[in-house]
$ cat structure_5.cif   # mmCIF, C-alpha atoms
data_protein
loop_
_atom_site.label_atom_id
_atom_site.label_comp_id
_atom_site.auth_asym_id
_atom_site.auth_seq_id
_atom_site.Cartn_x
_atom_site.Cartn_y
_atom_site.Cartn_z
CA MET A 1 0.19 3.02 41.31
CA ALA A 2 3.90 3.75 41.17
CA ASP A 3 6.11 1.70 38.87
CA GLN A 4 7.44 -1.43 40.50
CA PRO A 5 11.23 -1.63 40.45
CA LEU A 6 12.37 -4.20 37.90
CA PHE A 7 14.78 -5.84 40.32
CA ALA A 8 15.05 -6.25 44.06
CA GLN A 9 16.92 -3.80 46.26
CA ARG A 10 20.47 -4.65 47.28
CA GLY A 11 21.21 -6.04 50.72
CA SER A 12 24.45 -6.52 52.65
CA THR A 13 27.69 -7.57 50.97
CA SER A 14 27.10 -11.10 52.21
CA GLU A 15 23.58 -11.16 50.74
CA VAL A 16 24.83 -9.78 47.42
CA GLU A 17 27.73 -12.24 47.18
CA GLU A 18 26.30 -15.38 48.78
CA GLY A 19 22.52 -14.97 48.41
CA ARG A 20 19.98 -16.06 45.84
CA ALA A 21 18.32 -12.66 45.35
CA PHE A 22 19.17 -11.07 42.02
CA THR A 23 20.04 -7.47 42.90
CA PRO A 24 22.00 -6.09 39.95
CA LYS A 25 24.16 -3.06 40.63
CA PHE A 26 23.72 -0.44 37.94
CA ASP A 27 26.33 2.30 37.68
CA ALA A 28 25.73 6.07 37.87
CA ASP A 29 24.38 5.94 34.31
CA GLY A 30 22.02 3.08 35.16
CA LEU A 31 24.07 0.47 33.30
CA LEU A 32 25.81 -2.78 34.00
CA THR A 33 28.40 -4.55 31.88
CA CYS A 34 27.49 -7.57 29.79
CA VAL A 35 29.99 -9.99 28.24
CA ALA A 36 28.62 -12.16 25.45
CA THR A 37 30.52 -15.31 24.56
CA ASP A 38 29.83 -17.86 21.85
CA ALA A 39 28.12 -20.79 23.58
CA ARG A 40 30.03 -23.30 21.47
CA SER A 41 33.53 -21.87 20.99
CA GLY A 42 33.74 -19.82 24.20
CA GLU A 43 35.08 -16.88 22.20
CA VAL A 44 34.23 -13.42 23.56
CA LEU A 45 31.94 -11.97 20.90
CA MET A 46 31.34 -8.53 22.38
CA VAL A 47 31.15 -6.42 25.52
CA ALA A 48 28.14 -4.12 25.84
CA HIS A 49 25.89 -2.56 28.45
CA MET A 50 22.39 -3.21 29.73
CA ASP A 51 20.06 -0.91 31.60
CA ALA A 52 17.33 -2.37 33.82
CA GLN A 53 14.90 -2.57 30.92
CA ALA A 54 17.37 -4.31 28.58
CA LEU A 55 18.26 -6.76 31.32
CA ALA A 56 14.59 -7.50 32.07
CA LYS A 57 13.83 -8.00 28.37
CA THR A 58 16.81 -10.31 27.93
CA ILE A 59 15.68 -12.43 30.87
CA ALA A 60 12.04 -12.50 29.75
CA THR A 61 12.67 -13.21 26.06
CA GLY A 62 15.88 -15.25 26.12
CA GLU A 63 17.29 -12.95 23.41
CA ALA A 64 19.97 -10.32 24.01
CA TRP A 65 18.86 -6.72 24.45
CA TYR A 66 21.36 -3.97 25.21
CA PHE A 67 21.44 -0.26 25.88
CA SER A 68 23.44 1.72 23.35
CA ARG A 69 25.50 4.40 25.06
CA SER A 70 26.18 6.18 21.76
CA ARG A 71 22.57 6.18 20.61
CA LYS A 72 21.21 6.42 24.17
CA SER A 73 18.51 3.88 23.47
CA LEU A 74 17.35 0.36 24.10
CA TRP A 75 18.65 -1.94 21.42
CA ARG A 76 17.55 -5.41 20.48
CA LYS A 77 20.66 -7.13 19.18
CA GLY A 78 20.05 -8.02 15.54
CA GLU A 79 17.18 -5.56 15.14
CA THR A 80 18.66 -4.26 11.88
CA SER A 81 20.98 -7.08 10.81
CA GLY A 82 18.96 -10.09 11.87
CA HIS A 83 22.04 -11.23 13.78
CA VAL A 84 20.15 -11.91 16.98
CA GLN A 85 21.66 -13.65 19.98
CA ARG A 86 19.77 -16.47 21.66
CA VAL A 87 20.86 -16.64 25.28
CA VAL A 88 21.75 -20.16 26.38
CA GLU A 89 22.79 -19.18 29.89
CA MET A 90 23.13 -16.00 31.92
CA ARG A 91 25.48 -15.70 34.88
CA VAL A 92 26.00 -12.82 37.31
CA ASP A 93 29.25 -12.03 39.09
CA CYS A 94 30.07 -11.83 42.79
CA ASP A 95 29.13 -8.18 43.33
CA GLN A 96 26.37 -8.33 40.71
CA ASP A 97 27.61 -5.47 38.56
CA ALA A 98 28.33 -7.60 35.49
CA VAL A 99 26.55 -10.39 33.65
CA TRP A 100 27.96 -13.00 31.32
CA ILE A 101 25.72 -14.45 28.63
CA LYS A 102 26.56 -17.51 26.57
CA VAL A 103 24.78 -17.08 23.27
CA GLU A 104 24.00 -18.75 19.97
CA GLN A 105 24.86 -16.03 17.49
CA ALA A 106 22.53 -15.96 14.49
CA GLY A 107 24.06 -15.01 11.14
CA PRO A 108 27.72 -14.65 10.26
CA GLY A 109 28.85 -12.37 13.04
CA ALA A 110 28.24 -10.18 16.07
CA CYS A 111 30.37 -7.13 15.23
CA HIS A 112 29.02 -4.13 13.32
CA THR A 113 32.33 -3.96 11.40
CA GLY A 114 31.44 -7.25 9.71
CA ARG A 115 33.53 -9.61 11.81
CA ARG A 116 32.38 -12.64 13.73
CA ALA A 117 33.44 -10.95 16.97
CA CYS A 118 34.53 -7.50 18.12
CA PHE A 119 37.97 -8.53 19.43
CA TYR A 120 39.81 -8.85 16.11
CA ARG A 121 43.01 -7.05 17.11
CA ALA A 122 45.69 -8.07 19.59
CA VAL A 123 47.67 -5.70 21.80
CA PRO A 124 51.33 -6.79 21.86
CA LEU A 125 52.71 -7.33 25.36
CA GLY A 126 56.12 -6.55 26.83
CA ALA A 127 58.12 -3.55 27.90
CA ALA A 128 58.87 -2.54 24.31
CA SER A 129 55.15 -2.23 23.63
CA ALA A 130 54.35 0.19 26.42
CA GLY A 131 53.41 3.76 25.77
CA ALA A 132 52.00 5.69 22.87
CA SER A 133 53.76 3.53 20.29
CA VAL A 134 51.59 0.42 20.72
CA ARG A 135 50.67 -1.03 17.32
CA LEU A 136 47.81 -3.48 17.12
CA GLU A 137 48.01 -6.79 15.29
CA PHE A 138 44.98 -7.98 13.34
CA ARG A 139 43.94 -11.50 14.39
CA ASP A 140 40.78 -13.43 13.43
CA ALA A 141 39.90 -10.28 11.51
CA GLU A 142 38.43 -11.68 8.29
CA LYS A 143 35.17 -10.01 7.36
CA ALA A 144 32.26 -12.42 7.77
CA PHE A 145 29.76 -10.09 6.11
CA ASP A 146 29.60 -6.71 4.40
CA PRO A 147 28.40 -4.17 6.96
CA HIS A 148 27.38 -1.68 4.26
CA GLU A 149 25.02 -4.24 2.75
CA VAL A 150 23.60 -5.24 6.10
CA TYR A 151 23.25 -1.77 7.60
CA GLY A 152 22.55 0.16 4.43
CA GLY A 153 25.75 2.14 4.19
CA ALA A 154 25.66 4.02 7.48
CA SER A 155 29.01 3.76 9.24
CA THR A 156 27.18 3.76 12.56
CA PRO A 157 23.88 1.91 12.36
CA LYS A 158 20.98 4.18 13.19
CA ARG A 159 19.20 1.37 14.96
CA GLY A 160 20.52 -1.56 16.91
CA TYR A 161 22.89 -3.64 14.85
CA MET B 1 58.61 18.49 30.72
CA ALA B 2 54.91 17.64 30.77
CA ASP B 3 53.84 14.04 31.27
CA GLN B 4 53.54 12.13 28.03
CA PRO B 5 50.11 10.59 27.50
CA LEU B 6 50.32 6.83 28.01
CA PHE B 7 48.41 6.09 24.82
CA ALA B 8 47.85 7.77 21.46
CA GLN B 9 44.97 10.17 20.84
CA ARG B 10 41.88 8.81 19.11
CA GLY B 11 41.28 9.42 15.42
CA SER B 12 38.25 8.99 13.20
CA THR B 13 35.82 6.08 13.61
CA SER B 14 37.50 4.36 10.69
CA GLU B 15 40.95 4.77 12.26
CA VAL B 16 39.69 3.49 15.61
CA GLU B 17 37.94 0.47 14.11
CA GLU B 18 40.22 -0.45 11.21
CA GLY B 19 43.58 1.00 12.19
CA ARG B 20 46.65 -0.30 13.97
CA ALA B 21 46.99 2.55 16.47
CA PHE B 22 46.03 1.56 20.00
CA THR B 23 43.81 4.42 21.17
CA PRO B 24 41.84 3.10 24.15
CA LYS B 25 38.67 4.97 25.02
CA PHE B 26 38.44 5.56 28.75
CA ASP B 27 35.06 6.52 30.19
CA ALA B 28 34.22 9.64 32.21
CA ASP B 29 35.93 8.04 35.22
CA GLY B 30 39.05 7.24 33.19
CA LEU B 31 38.32 3.51 33.02
CA LEU B 32 37.83 0.84 30.44
CA THR B 33 36.31 -2.59 30.90
CA CYS B 34 38.48 -5.68 31.01
CA VAL B 35 37.22 -9.25 30.66
CA ALA B 36 39.60 -11.94 31.90
CA THR B 37 39.10 -15.48 30.64
CA ASP B 38 40.97 -18.65 31.52
CA ALA B 39 43.41 -19.25 28.66
CA ARG B 40 42.81 -22.99 28.78
CA SER B 41 39.10 -23.44 29.55
CA GLY B 42 37.80 -20.21 28.05
CA GLU B 43 35.71 -19.61 31.17
CA VAL B 44 35.10 -15.97 32.08
CA LEU B 45 36.99 -15.55 35.34
CA MET B 46 36.13 -11.93 36.11
CA VAL B 47 35.18 -8.54 34.74
CA ALA B 48 37.08 -5.56 36.10
CA HIS B 49 38.31 -2.12 35.10
CA MET B 50 41.63 -0.62 34.10
CA ASP B 51 42.71 2.99 34.13
CA ALA B 52 45.51 4.12 31.81
CA GLN B 53 48.16 3.24 34.36
CA ALA B 54 46.78 -0.26 35.01
CA LEU B 55 46.54 -0.87 31.28
CA ALA B 56 50.10 0.32 30.70
CA LYS B 57 51.42 -1.85 33.55
CA THR B 58 49.55 -4.90 32.26
CA ILE B 59 51.04 -4.43 28.81
CA ALA B 60 54.54 -3.77 30.11
CA THR B 61 54.67 -6.60 32.67
CA GLY B 62 52.42 -9.24 31.10
CA GLU B 63 50.59 -9.55 34.44
CA ALA B 64 47.09 -8.23 35.09
CA TRP B 65 46.76 -4.90 36.87
CA TYR B 66 43.37 -3.34 37.49
CA PHE B 67 41.86 -0.21 39.01
CA SER B 68 39.58 -0.89 41.95
CA ARG B 69 36.51 1.34 41.82
CA SER B 70 35.62 0.56 45.44
CA ARG B 71 39.10 1.23 46.80
CA LYS B 72 39.87 3.89 44.18
CA SER B 73 43.36 2.58 43.64
CA LEU B 74 45.62 0.71 41.29
CA TRP B 75 45.57 -2.97 42.06
CA ARG B 76 47.96 -5.69 41.02
CA LYS B 77 45.83 -8.81 40.76
CA GLY B 78 47.14 -11.29 43.32
CA GLU B 79 48.95 -8.63 45.35
CA THR B 80 47.47 -10.04 48.59
CA SER B 81 46.49 -13.56 47.62
CA GLY B 82 49.34 -14.50 45.33
CA HIS B 83 46.70 -15.40 42.76
CA VAL B 84 48.31 -13.43 39.96
CA GLN B 85 47.21 -13.58 36.34
CA ARG B 86 49.79 -14.08 33.61
CA VAL B 87 48.44 -12.57 30.42
CA VAL B 88 48.77 -14.90 27.46
CA GLU B 89 47.05 -12.59 25.00
CA MET B 90 45.33 -9.19 25.07
CA ARG B 91 42.69 -8.17 22.55
CA VAL B 92 40.88 -4.85 22.08
CA ASP B 93 37.39 -4.45 20.68
CA CYS B 94 36.13 -2.52 17.67
CA ASP B 95 35.59 0.83 19.39
CA GLN B 96 38.52 0.27 21.77
CA ASP B 97 36.59 0.74 25.00
CA ALA B 98 37.06 -2.82 26.23
CA VAL B 99 39.92 -5.29 26.39
CA TRP B 100 39.85 -9.04 26.69
CA ILE B 101 42.75 -10.82 28.34
CA LYS B 102 43.33 -14.55 28.22
CA VAL B 103 45.19 -15.43 31.39
CA GLU B 104 46.90 -18.23 33.24
CA GLN B 105 45.41 -17.89 36.70
CA ALA B 106 47.87 -18.71 39.49
CA GLY B 107 46.50 -20.42 42.59
CA PRO B 108 43.09 -21.97 43.07
CA GLY B 109 40.89 -19.11 41.93
CA ALA B 110 40.31 -15.57 40.74
CA CYS B 111 37.35 -14.53 42.90
CA HIS B 112 37.71 -12.88 46.29
CA THR B 113 34.81 -15.04 47.57
CA GLY B 114 37.03 -18.11 47.24
CA ARG B 115 35.72 -19.43 43.95
CA ARG B 116 37.65 -20.23 40.81
CA ALA B 117 35.70 -17.52 38.96
CA CYS B 118 33.29 -14.70 39.82
CA PHE B 119 30.34 -15.99 37.78
CA TYR B 120 29.14 -18.75 40.11
CA ARG B 121 25.41 -18.01 39.92
CA ALA B 122 23.00 -18.37 37.00
CA VAL B 123 20.06 -16.07 36.29
CA PRO B 124 17.06 -18.17 35.19
CA LEU B 125 15.58 -17.13 31.86
CA GLY B 126 11.98 -16.97 30.70
CA ALA B 127 8.91 -14.84 31.27
CA ALA B 128 8.27 -16.36 34.70
CA SER B 129 11.69 -15.19 35.86
CA ALA B 130 11.26 -11.54 35.01
CA GLY B 131 10.89 -8.87 37.65
CA ALA B 132 11.83 -8.55 41.25
CA SER B 133 11.29 -12.24 41.96
CA VAL B 134 14.36 -13.55 40.13
CA ARG B 135 16.13 -16.17 42.23
CA LEU B 136 19.69 -17.08 41.35
CA GLU B 137 20.92 -20.66 40.98
CA PHE B 138 24.37 -21.53 42.25
CA ARG B 139 26.48 -23.20 39.57
CA ASP B 140 30.22 -24.01 39.65
CA ALA B 141 30.09 -22.40 43.08
CA GLU B 142 32.34 -24.71 45.13
CA LYS B 143 34.87 -22.81 47.18
CA ALA B 144 38.36 -23.34 45.84
CA PHE B 145 40.04 -21.63 48.79
CA ASP B 146 39.16 -20.02 52.11
CA PRO B 147 39.04 -16.26 51.56
CA HIS B 148 39.39 -15.55 55.29
CA GLU B 149 42.66 -17.44 55.37
CA VAL B 150 43.95 -15.79 52.23
CA TYR B 151 42.83 -12.24 52.98
CA GLY B 152 43.17 -12.30 56.76
CA GLY B 153 39.51 -12.13 57.66
CA ALA B 154 38.53 -8.87 56.01
CA SER B 155 35.35 -9.33 54.01
CA THR B 156 36.62 -6.78 51.52
CA PRO B 157 40.36 -7.07 51.06
CA LYS B 158 42.12 -3.86 52.00
CA ARG B 159 44.57 -4.31 49.17
CA GLY B 160 44.21 -5.90 45.77
CA TYR B 161 43.00 -9.44 46.02
#
$ encode --input "structure_5.cif" --output "structure tokens"
Amino acid sequence: MADQPLFAQRGSTSEVEEGRAFTPKFDADGLLTCVATDARSGEVLMVAHMDAQALAKTIATGEAWYFSRSRKSLWRKGETSGHVQRVVEMRVDCDQDAVWIKVEQAGPGACHTGRRACFYRAVPLGAASAGASVRLEFRDAEKAFDPHEVYGGASTPKRGY
Amino acid sequence: MADQPLFAQRGSTSEVEEGRAFTPKFDADGLLTCVATDARSGEVLMVAHMDAQALAKTIATGEAWYFSRSRKSLWRKGETSGHVQRVVEMRVDCDQDAVWIKVEQAGPGACHTGRRACFYRAVPLGAASAGASVRLEFRDAEKAFDPHEVYGGASTPKRGY
């Protein structure tokens, strides 16, 4: 017996936007975008990608699974660090090519650099900031944990962080 | 004279993650992911993409510009609807392939379907919900405006919504 598709096939624009069928739209690489926010503070913790398997596992287990584009593999968030994400709610957007998960982040932080969240630098706005001269400003950038301790010294974790 | 690149070239992993140079990483299609949240409520309004030009215009003008993958064109948010987004703050993530903008959303909503935000349906979690049978639940799905009135009846706006 052939493998069953993990999700239903897409219908018309109206069905995709106004219907109740979950028909996620994966891109040419088989991925969709996932935004994870802190369920309490609302802060954006990270942006990552899910393939069909990661999405199905996240739905089935209520814990965040992603697909690592750099490692080209399925990745259970917190697999190495223990910093798992319990999904409180998952939403899908109008054209079903992105999901938003509100999570309870276990441990001190979500980012492999040791911060609570991945968005620890601001991009200054305004005409003077345009072009190749943009200089970032660190904001909410305190280290919440030592990534070398947690990941064993590898600058890029070999397994899912 | 050759065109100047809009942004600086990327350095080492350490420079990208811990440095002050803004070196956005565009994907094979020349895009990076942008998450727009409501600056007051923290709600995720939409997820969209920016090419280098859209990113540069957003930084220079303080208003959100995107690149529409379906229309393959630069798109000033609110160009048709008037529902522009004033950017209060822009952040970039650790590997600089995603930006997060906190915006003041003009008008009743950000979504071309007429809702305040694009994430108006929840994906139920749990083993029973896995697979092709997932049925979405509408949540925060009231229409904030009539998209036919605002966009002139086209189901997909011809220009940036």
$ interface_residues --input "structure_5.cif" --of "chain A" --to "chain B" --cutoff "8 Å" --atoms "all atoms listed in the file" --output "number ranges by chain"
A: 5-8, 17, 19-22, 35, 42-44, 46-47, 56-62, 89-94, 98-100, 111, 113, 118-138
$ closest_residue --input "structure_5.cif" --among "B:Lys77, B:Ser70, B:Lys102, B:Glu15" --to "B:Arg40" --atoms "only C-alpha atoms"
B:Lys102
$ calpha_fit_and_write --input "structure_5.cif" --fixed "chain A" --moving "chain B" --output "compact mmCIF listing (two decimals) with C-alpha atoms, in the coordinates of the input"
# COMPACT_ATOMS: atom_id res chain seq x y z
CA MET B 1 0.14 2.98 41.23
CA ALA B 2 3.87 3.72 41.14
CA ASP B 3 6.10 1.70 38.84
CA GLN B 4 7.45 -1.42 40.47
CA PRO B 5 11.24 -1.62 40.44
CA LEU B 6 12.35 -4.22 37.89
CA PHE B 7 14.76 -5.86 40.32
CA ALA B 8 15.06 -6.28 44.08
CA GLN B 9 16.93 -3.80 46.26
CA ARG B 10 20.48 -4.66 47.28
CA GLY B 11 21.24 -6.04 50.72
CA SER B 12 24.46 -6.51 52.65
CA THR B 13 27.71 -7.57 50.97
CA SER B 14 27.12 -11.09 52.21
CA GLU B 15 23.60 -11.16 50.75
CA VAL B 16 24.84 -9.78 47.43
CA GLU B 17 27.73 -12.24 47.18
CA GLU B 18 26.29 -15.37 48.78
CA GLY B 19 22.54 -14.96 48.40
CA ARG B 20 19.97 -16.05 45.86
CA ALA B 21 18.33 -12.65 45.36
CA PHE B 22 19.16 -11.07 42.02
CA THR B 23 20.04 -7.48 42.91
CA PRO B 24 22.00 -6.08 39.96
CA LYS B 25 24.15 -3.05 40.65
CA PHE B 26 23.71 -0.44 37.95
CA ASP B 27 26.32 2.30 37.69
CA ALA B 28 25.73 6.06 37.88
CA ASP B 29 24.38 5.93 34.31
CA GLY B 30 22.02 3.07 35.17
CA LEU B 31 24.07 0.46 33.31
CA LEU B 32 25.79 -2.80 33.99
CA THR B 33 28.39 -4.55 31.87
CA CYS B 34 27.49 -7.57 29.80
CA VAL B 35 29.99 -9.98 28.24
CA ALA B 36 28.62 -12.15 25.44
CA THR B 37 30.51 -15.31 24.56
CA ASP B 38 29.83 -17.86 21.85
CA ALA B 39 28.12 -20.80 23.58
CA ARG B 40 30.02 -23.30 21.46
CA SER B 41 33.52 -21.86 21.00
CA GLY B 42 33.73 -19.82 24.19
CA GLU B 43 35.08 -16.87 22.20
CA VAL B 44 34.22 -13.42 23.56
CA LEU B 45 31.94 -11.97 20.90
CA MET B 46 31.33 -8.53 22.39
CA VAL B 47 31.14 -6.43 25.52
CA ALA B 48 28.14 -4.13 25.85
CA HIS B 49 25.88 -2.57 28.46
CA MET B 50 22.38 -3.22 29.73
CA ASP B 51 20.07 -0.90 31.60
CA ALA B 52 17.34 -2.37 33.81
CA GLN B 53 14.91 -2.56 30.92
CA ALA B 54 17.38 -4.31 28.59
CA LEU B 55 18.26 -6.76 31.34
CA ALA B 56 14.60 -7.49 32.07
CA LYS B 57 13.84 -7.99 28.36
CA THR B 58 16.82 -10.31 27.93
CA ILE B 59 15.68 -12.43 30.86
CA ALA B 60 12.05 -12.48 29.75
CA THR B 61 12.66 -13.21 26.05
CA GLY B 62 15.88 -15.24 26.13
CA GLU B 63 17.29 -12.94 23.42
CA ALA B 64 19.97 -10.32 24.03
CA TRP B 65 18.86 -6.72 24.47
CA TYR B 66 21.36 -3.98 25.23
CA PHE B 67 21.45 -0.25 25.90
CA SER B 68 23.46 1.71 23.37
CA ARG B 69 25.50 4.42 25.08
CA SER B 70 26.19 6.18 21.78
CA ARG B 71 22.57 6.18 20.63
CA LYS B 72 21.20 6.42 24.18
CA SER B 73 18.51 3.87 23.49
CA LEU B 74 17.37 0.35 24.11
CA TRP B 75 18.66 -1.95 21.43
CA ARG B 76 17.56 -5.43 20.48
CA LYS B 77 20.69 -7.13 19.20
CA GLY B 78 20.08 -8.02 15.56
CA GLU B 79 17.20 -5.56 15.17
CA THR B 80 18.70 -4.26 11.89
CA SER B 81 21.00 -7.07 10.83
CA GLY B 82 18.97 -10.09 11.86
CA HIS B 83 22.04 -11.24 13.77
CA VAL B 84 20.16 -11.92 16.99
CA GLN B 85 21.66 -13.65 20.00
CA ARG B 86 19.77 -16.49 21.66
CA VAL B 87 20.84 -16.66 25.28
CA VAL B 88 21.73 -20.17 26.37
CA GLU B 89 22.77 -19.20 29.88
CA MET B 90 23.12 -16.00 31.93
CA ARG B 91 25.48 -15.69 34.87
CA VAL B 92 26.01 -12.82 37.32
CA ASP B 93 29.25 -12.04 39.10
CA CYS B 94 30.07 -11.82 42.79
CA ASP B 95 29.15 -8.17 43.32
CA GLN B 96 26.37 -8.32 40.71
CA ASP B 97 27.61 -5.46 38.55
CA ALA B 98 28.32 -7.60 35.49
CA VAL B 99 26.55 -10.39 33.65
CA TRP B 100 27.94 -12.99 31.31
CA ILE B 101 25.71 -14.45 28.63
CA LYS B 102 26.54 -17.51 26.57
CA VAL B 103 24.77 -17.07 23.26
CA GLU B 104 23.99 -18.74 19.98
CA GLN B 105 24.84 -16.01 17.50
CA ALA B 106 22.54 -15.96 14.47
CA GLY B 107 24.06 -15.00 11.13
CA PRO B 108 27.72 -14.65 10.26
CA GLY B 109 28.85 -12.36 13.05
CA ALA B 110 28.24 -10.18 16.07
CA CYS B 111 30.35 -7.12 15.22
CA HIS B 112 29.03 -4.12 13.32
CA THR B 113 32.34 -3.97 11.40
CA GLY B 114 31.44 -7.25 9.70
CA ARG B 115 33.51 -9.59 11.81
CA ARG B 116 32.39 -12.65 13.72
CA ALA B 117 33.42 -10.95 16.98
CA CYS B 118 34.53 -7.49 18.13
CA PHE B 119 37.96 -8.53 19.42
CA TYR B 120 39.80 -8.85 16.11
CA ARG B 121 43.00 -7.05 17.11
CA ALA B 122 45.70 -8.07 19.58
CA VAL B 123 47.67 -5.69 21.79
CA PRO B 124 51.33 -6.78 21.87
CA LEU B 125 52.71 -7.33 25.35
CA GLY B 126 56.12 -6.55 26.81
CA ALA B 127 58.12 -3.53 27.89
CA ALA B 128 58.86 -2.52 24.30
CA SER B 129 55.14 -2.24 23.60
CA ALA B 130 54.31 0.17 26.39
CA GLY B 131 53.38 3.77 25.76
CA ALA B 132 51.98 5.68 22.87
CA SER B 133 53.73 3.52 20.29
CA VAL B 134 51.58 0.40 20.71
CA ARG B 135 50.65 -1.02 17.31
CA LEU B 136 47.79 -3.48 17.11
CA GLU B 137 47.99 -6.80 15.27
CA PHE B 138 44.97 -7.99 13.35
CA ARG B 139 43.93 -11.50 14.37
CA ASP B 140 40.76 -13.42 13.42
CA ALA B 141 39.90 -10.25 11.52
CA GLU B 142 38.42 -11.65 8.28
CA LYS B 143 35.15 -10.00 7.37
CA ALA B 144 32.27 -12.41 7.77
CA PHE B 145 29.75 -10.10 6.11
CA ASP B 146 29.60 -6.72 4.38
CA PRO B 147 28.41 -4.18 6.95
CA HIS B 148 27.39 -1.69 4.25
CA GLU B 149 25.04 -4.24 2.75
CA VAL B 150 23.62 -5.24 6.10
CA TYR B 151 23.28 -1.76 7.60
CA GLY B 152 22.55 0.18 4.42
CA GLY B 153 25.76 2.14 4.20
CA ALA B 154 25.68 4.00 7.49
CA SER B 155 29.02 3.69 9.24
CA THR B 156 27.21 3.74 12.57
CA PRO B 157 23.91 1.91 12.35
CA LYS B 158 21.01 4.19 13.17
CA ARG B 159 19.24 1.39 14.96
CA GLY B 160 20.55 -1.57 16.90
CA TYR B 161 22.92 -3.63 14.86
$ residues_around --input "structure_5.cif" --residues "A:Gly107" --least-positions-apart "2" --cutoff "7 Å" --atoms "only C-alpha atoms" --output "list in words"
His83, Gln105 and Gly109 of chain A
$ atom_distance --input "structure_5.cif" --atom1 "atom CA of B:Lys25" --atom2 "atom CA of B:Arg76"
21.4 Å
$ atom_distance --input "structure_5.cif" --atom1 "atom CA of B:Tyr151" --atom2 "atom CA of B:Ser73"
17.5 Å
$ atom_distance --input "structure_5.cif" --atom1 "atom CA of B:Ala54" --atom2 "atom CA of B:Tyr66"
5.2 Å
$ resolve_selection --input "structure_5.cif" --expression "the PyMOL selection byres ((chain B and resi 78) around 9)" --output "VMD selection string"
chain B and resid 64 75 to 77 79 to 85 106 110 160 to 161
$ resolve_selection --input "structure_5.cif" --expression "the PyMOL selection byres ((chain A and resi 51) around 7)" --output "PyMOL selection string"
chain A and resi 30-32+49-50+52-55+67
$ build_atoms --input "structure_5.cif" --residues "stretch 104-116 of chain B" --atoms "N, CA and C atoms" --output "mmCIF file, in the coordinates of the input"
data_model
loop_
_atom_site.group_PDB
_atom_site.id
_atom_site.type_symbol
_atom_site.label_atom_id
_atom_site.label_comp_id
_atom_site.auth_asym_id
_atom_site.auth_seq_id
_atom_site.Cartn_x
_atom_site.Cartn_y
_atom_site.Cartn_z
ATOM 1 N N GLU B 104 46.624 -17.054 32.410
ATOM 2 C CA GLU B 104 46.900 -18.230 33.240
ATOM 3 C C GLU B 104 46.741 -17.765 34.678
ATOM 4 N N GLN B 105 45.724 -18.300 35.334
ATOM 5 C CA GLN B 105 45.410 -17.890 36.700
ATOM 6 C C GLN B 105 46.258 -18.693 37.678
ATOM 7 N N ALA B 106 47.095 -18.012 38.455
ATOM 8 C CA ALA B 106 47.870 -18.710 39.490
ATOM 9 C C ALA B 106 46.986 -18.986 40.690
ATOM 10 N N GLY B 107 47.269 -20.091 41.386
ATOM 11 C CA GLY B 107 46.500 -20.420 42.590
ATOM 12 C C GLY B 107 45.150 -20.982 42.240
ATOM 13 N N PRO B 108 44.340 -21.241 43.280
ATOM 14 C CA PRO B 108 43.090 -21.970 43.070
ATOM 15 C C PRO B 108 41.970 -21.157 42.433
ATOM 16 N N GLY B 109 42.028 -19.836 42.473
ATOM 17 C CA GLY B 109 40.890 -19.110 41.930
ATOM 18 C C GLY B 109 41.113 -17.627 41.797
ATOM 19 N N ALA B 110 40.210 -16.998 41.026
ATOM 20 C CA ALA B 110 40.310 -15.570 40.740
ATOM 21 C C ALA B 110 39.413 -14.716 41.630
ATOM 22 N N CYS B 111 38.378 -15.326 42.228
ATOM 23 C CA CYS B 111 37.350 -14.530 42.900
ATOM 24 C C CYS B 111 37.648 -14.359 44.385
ATOM 25 N N HIS B 112 37.406 -13.156 44.881
ATOM 26 C CA HIS B 112 37.710 -12.880 46.290
ATOM 27 C C HIS B 112 36.776 -13.620 47.249
ATOM 28 N N THR B 113 35.697 -14.236 46.711
ATOM 29 C CA THR B 113 34.810 -15.040 47.570
ATOM 30 C C THR B 113 35.345 -16.450 47.772
ATOM 31 N N GLY B 114 36.434 -16.782 47.073
ATOM 32 C CA GLY B 114 37.030 -18.110 47.240
ATOM 33 C C GLY B 114 36.735 -19.057 46.093
ATOM 34 N N ARG B 115 36.020 -18.564 45.084
ATOM 35 C CA ARG B 115 35.720 -19.430 43.950
ATOM 36 C C ARG B 115 36.773 -19.286 42.846
ATOM 37 N N ARG B 116 36.745 -20.267 41.956
ATOM 38 C CA ARG B 116 37.650 -20.230 40.810
ATOM 39 C C ARG B 116 37.370 -18.998 39.956
#
